[in-house]
Amino acid sequence: MIRIVIAEDQRMLLGALASLLDLEEDMQVVGRAGNGEEALTLVNMHKPDICIMDIEMPLKTGLDVAEELRGRDCKVLILTTFARSGYFERALKAGVSGYLLKDSPSEELADSIRSIMAGRRIYASELVDEAYGQGNPLTEREKEVLGLVADGKNTKEIASELFITTGTVRNYISVILDKLGVSNRIEAITRFKEKGWFR
């Protein structure tokens with residue numbers, strides 16, 4: 001019997017997923033969590049074989065929990081709406097066994113769980129294509145500059161924080177806009193967020 005904990009902050013979806021998986025003869029849902037903290041507690045309490053997690057949840061995200069569970073006996077399957085390459089990269093680093101999108105067919109979920117329990121890794125194909133197609137194009141320094149822009153800092157404040165000239169900051173910003181294919185700072189921040197690249 002495959003023992004499962006599900007973590008999902010949308011109650012209706014949590015109930016639907018649990019009912020769906022409980023219909024499978026070889027599966028049993030032993031815990032349901034509405035946030036990341038609860039998920040960790042339930043995993044410690046029930047020692048499930050696999051934990052199915054959403055990413056964006058209160059208290060701790062699914063990725064936070066995956067990182068904490070790394071190296072434990074419990075496998076992690078991320079089930080999310082977000083096809084963001086930054087999230088996917090972080091999930092891979094956390095050693096998750098699967099990453100599926102919520103619009104996948106429901107029968108795919110049970111099959112994926114069985115495959116993961118058999119030792120395979122299951123990732124949504126569109127994420128793999130994107131992850132290996134184009135990662136984050138910015139250097140560490142450019143990410144740092146964009147992070148400060150996102151924090152609402154102006155050119156002068158960024159220059160003094162990073163000990164560089166305002167001209168250098170402007171150069172960085174124009175390179176960032178160019179690399180991200182956008183025309184202003186707001187679009188750059190939006191694009192970066194959409195991709196899930198902000199840590």
# chains A, B, ... in the order shown; residues from 1 in each chain; ligands from 1

call {"tool": "residues_around", "arguments": {"residues": "Gly31 in chain A", "least_positions_apart": "4", "cutoff": "8 Å", "atoms": "only C-alpha atoms", "output": "mmCIF file with all heavy atoms, in the first residue's frame"}}
result
data_model
loop_
_atom_site.group_PDB
_atom_site.id
_atom_site.type_symbol
_atom_site.label_atom_id
_atom_site.label_comp_id
_atom_site.auth_asym_id
_atom_site.auth_seq_id
_atom_site.Cartn_x
_atom_site.Cartn_y
_atom_site.Cartn_z
ATOM 1 N N ILE A 4 0.194 8.096 1.448
ATOM 2 C CA ILE A 4 0.327 9.433 0.866
ATOM 3 C C ILE A 4 -0.115 10.541 1.822
ATOM 4 O O ILE A 4 -1.139 10.423 2.488
ATOM 5 C CB ILE A 4 -0.544 9.529 -0.419
ATOM 6 C CG1 ILE A 4 -0.153 8.433 -1.412
ATOM 7 C CG2 ILE A 4 -0.438 10.911 -1.070
ATOM 8 C CD1 ILE A 4 -1.158 8.248 -2.550
ATOM 9 N N VAL A 5 0.666 11.632 1.840
ATOM 10 C CA VAL A 5 0.226 12.873 2.489
ATOM 11 C C VAL A 5 0.039 13.896 1.372
ATOM 12 O O VAL A 5 0.876 13.993 0.467
ATOM 13 C CB VAL A 5 1.258 13.387 3.529
ATOM 14 C CG1 VAL A 5 1.007 14.860 3.872
ATOM 15 C CG2 VAL A 5 1.192 12.551 4.807
ATOM 16 N N ILE A 6 -1.075 14.630 1.407
ATOM 17 C CA ILE A 6 -1.328 15.669 0.397
ATOM 18 C C ILE A 6 -1.324 17.039 1.076
ATOM 19 O O ILE A 6 -1.974 17.227 2.108
ATOM 20 C CB ILE A 6 -2.698 15.470 -0.297
ATOM 21 C CG1 ILE A 6 -2.791 14.077 -0.914
ATOM 22 C CG2 ILE A 6 -2.909 16.538 -1.375
ATOM 23 C CD1 ILE A 6 -4.154 13.760 -1.502
ATOM 24 N N LEU A 42 2.675 16.296 9.440
ATOM 25 C CA LEU A 42 2.026 15.038 9.032
ATOM 26 C C LEU A 42 3.029 14.007 8.508
ATOM 27 O O LEU A 42 2.896 12.812 8.747
ATOM 28 C CB LEU A 42 0.946 15.310 7.984
ATOM 29 C CG LEU A 42 -0.310 16.031 8.510
ATOM 30 C CD1 LEU A 42 -1.224 16.417 7.361
ATOM 31 C CD2 LEU A 42 -1.063 15.171 9.513
ATOM 32 N N HIS A 46 3.156 10.477 10.236
ATOM 33 C CA HIS A 46 2.661 9.283 9.529
ATOM 34 C C HIS A 46 3.717 8.524 8.724
ATOM 35 O O HIS A 46 3.439 7.425 8.234
ATOM 36 C CB HIS A 46 1.511 9.667 8.588
ATOM 37 C CG HIS A 46 0.308 10.198 9.295
ATOM 38 N ND1 HIS A 46 -0.476 9.422 10.111
ATOM 39 C CD2 HIS A 46 -0.250 11.432 9.303
ATOM 40 C CE1 HIS A 46 -1.470 10.163 10.601
ATOM 41 N NE2 HIS A 46 -1.352 11.391 10.125
#

call {"tool": "select_by_dssp", "arguments": {"residues": "range 29-150 of chain A", "states": "alpha helix (DSSP H)", "output": "VMD selection string"}}
result
chain A and resid 36 to 46 62 to 69 85 to 93 106 to 117 125 to 133 140 to 150

call {"tool": "closest_residue", "arguments": {"among": "A:Lys47, A:Lys93, A:Arg141, A:Arg121", "to": "Leu77 in chain A", "atoms": "only C-alpha atoms"}}
result
A:Arg121

call {"tool": "residues_around", "arguments": {"residues": "range 150-153 of chain A", "least_positions_apart": "4", "cutoff": "12 Å", "atoms": "only C-alpha atoms", "output": "PDB file with C-alpha atoms, in the first residue's frame"}}
result
ATOM      1  CA  LYS A 143      20.205  39.576 -10.413  1.00  0.00           C
ATOM      2  CA  GLU A 144      21.385  41.555  -7.394  1.00  0.00           C
ATOM      3  CA  VAL A 145      20.742  44.864  -9.199  1.00  0.00           C
ATOM      4  CA  LEU A 146      17.274  43.751 -10.349  1.00  0.00           C
ATOM      5  CA  GLU A 157      20.543  54.032  -3.672  1.00  0.00           C
ATOM      6  CA  ILE A 158      21.564  50.937  -5.648  1.00  0.00           C
ATOM      7  CA  ALA A 159      24.936  52.544  -6.473  1.00  0.00           C
ATOM      8  CA  SER A 160      25.676  53.313  -2.829  1.00  0.00           C
ATOM      9  CA  GLU A 161      24.544  49.865  -1.636  1.00  0.00           C
ATOM     10  CA  LEU A 162      26.727  48.038  -4.181  1.00  0.00           C
ATOM     11  CA  VAL A 169      24.002  50.876 -12.334  1.00  0.00           C
ATOM     12  CA  ILE A 173      19.885  48.013 -15.988  1.00  0.00           C
ATOM     13  CA  ARG A 185      12.167  48.183 -15.100  1.00  0.00           C
ATOM     14  CA  ILE A 186       8.574  47.227 -14.251  1.00  0.00           C
ATOM     15  CA  GLU A 187       8.409  44.774 -17.178  1.00  0.00           C
ATOM     16  CA  ALA A 188      11.784  43.342 -16.150  1.00  0.00           C
ATOM     17  CA  ILE A 189      10.549  42.673 -12.605  1.00  0.00           C
ATOM     18  CA  THR A 190       7.303  41.172 -13.942  1.00  0.00           C
ATOM     19  CA  ARG A 191       9.145  38.884 -16.389  1.00  0.00           C
ATOM     20  CA  PHE A 192      11.551  37.768 -13.682  1.00  0.00           C
ATOM     21  CA  LYS A 193       8.651  36.992 -11.306  1.00  0.00           C
ATOM     22  CA  PHE A 198      13.357  35.587  -7.680  1.00  0.00           C
TER      23      PHE A 198
END

call {"tool": "select_by_dssp", "arguments": {"residues": "range 25-173 of chain A", "states": "strand (DSSP E)", "output": "list in words"}}
result
Met27, Gln28, Val29, Val30, Gly31, Arg32, Ala33, Ile50, Cys51, Ile52, Met53, Lys75, Val76, Leu77, Ile78, Leu79, Thr80, Gly98, Tyr99, Leu100, Leu101, Ile122 and Tyr123 of chain A

call {"tool": "residues_around", "arguments": {"residues": "Leu63 in chain A", "least_positions_apart": "5", "cutoff": "10 Å", "atoms": "only C-alpha atoms", "output": "ChimeraX atom specification"}}
result
/A:36,53-57,68-69,76,78,87-88,90-94,96

call {"tool": "closest_residue", "arguments": {"among": "A:Val65, A:Ile122, A:Ile2, A:Leu17", "to": "Glu37 in chain A", "atoms": "only C-alpha atoms"}}
result
A:Val65

call {"tool": "closest_residue", "arguments": {"among": "A:Ile176, A:Leu14, A:Leu79, A:Ala66", "to": "Ser104 in chain A", "atoms": "only C-alpha atoms"}}
result
A:Leu79

call {"tool": "atom_distance", "arguments": {"atom1": "CA of Asp22 in chain A", "atom2": "CA of Ala124 in chain A"}}
result
23.3 Å

call {"tool": "atom_distance", "arguments": {"atom1": "CA of Asp103 in chain A", "atom2": "CA of Gly15 in chain A"}}
result
16.7 Å

call {"tool": "closest_residue", "arguments": {"among": "A:Leu101, A:Ile164, A:Leu177, A:Ile50", "to": "Arg114 in chain A", "atoms": "only C-alpha atoms"}}
result
A:Ile50

call {"tool": "atom_distance", "arguments": {"atom1": "CA of Ala7 in chain A", "atom2": "CA of Asp111 in chain A"}}
result
18.9 Å
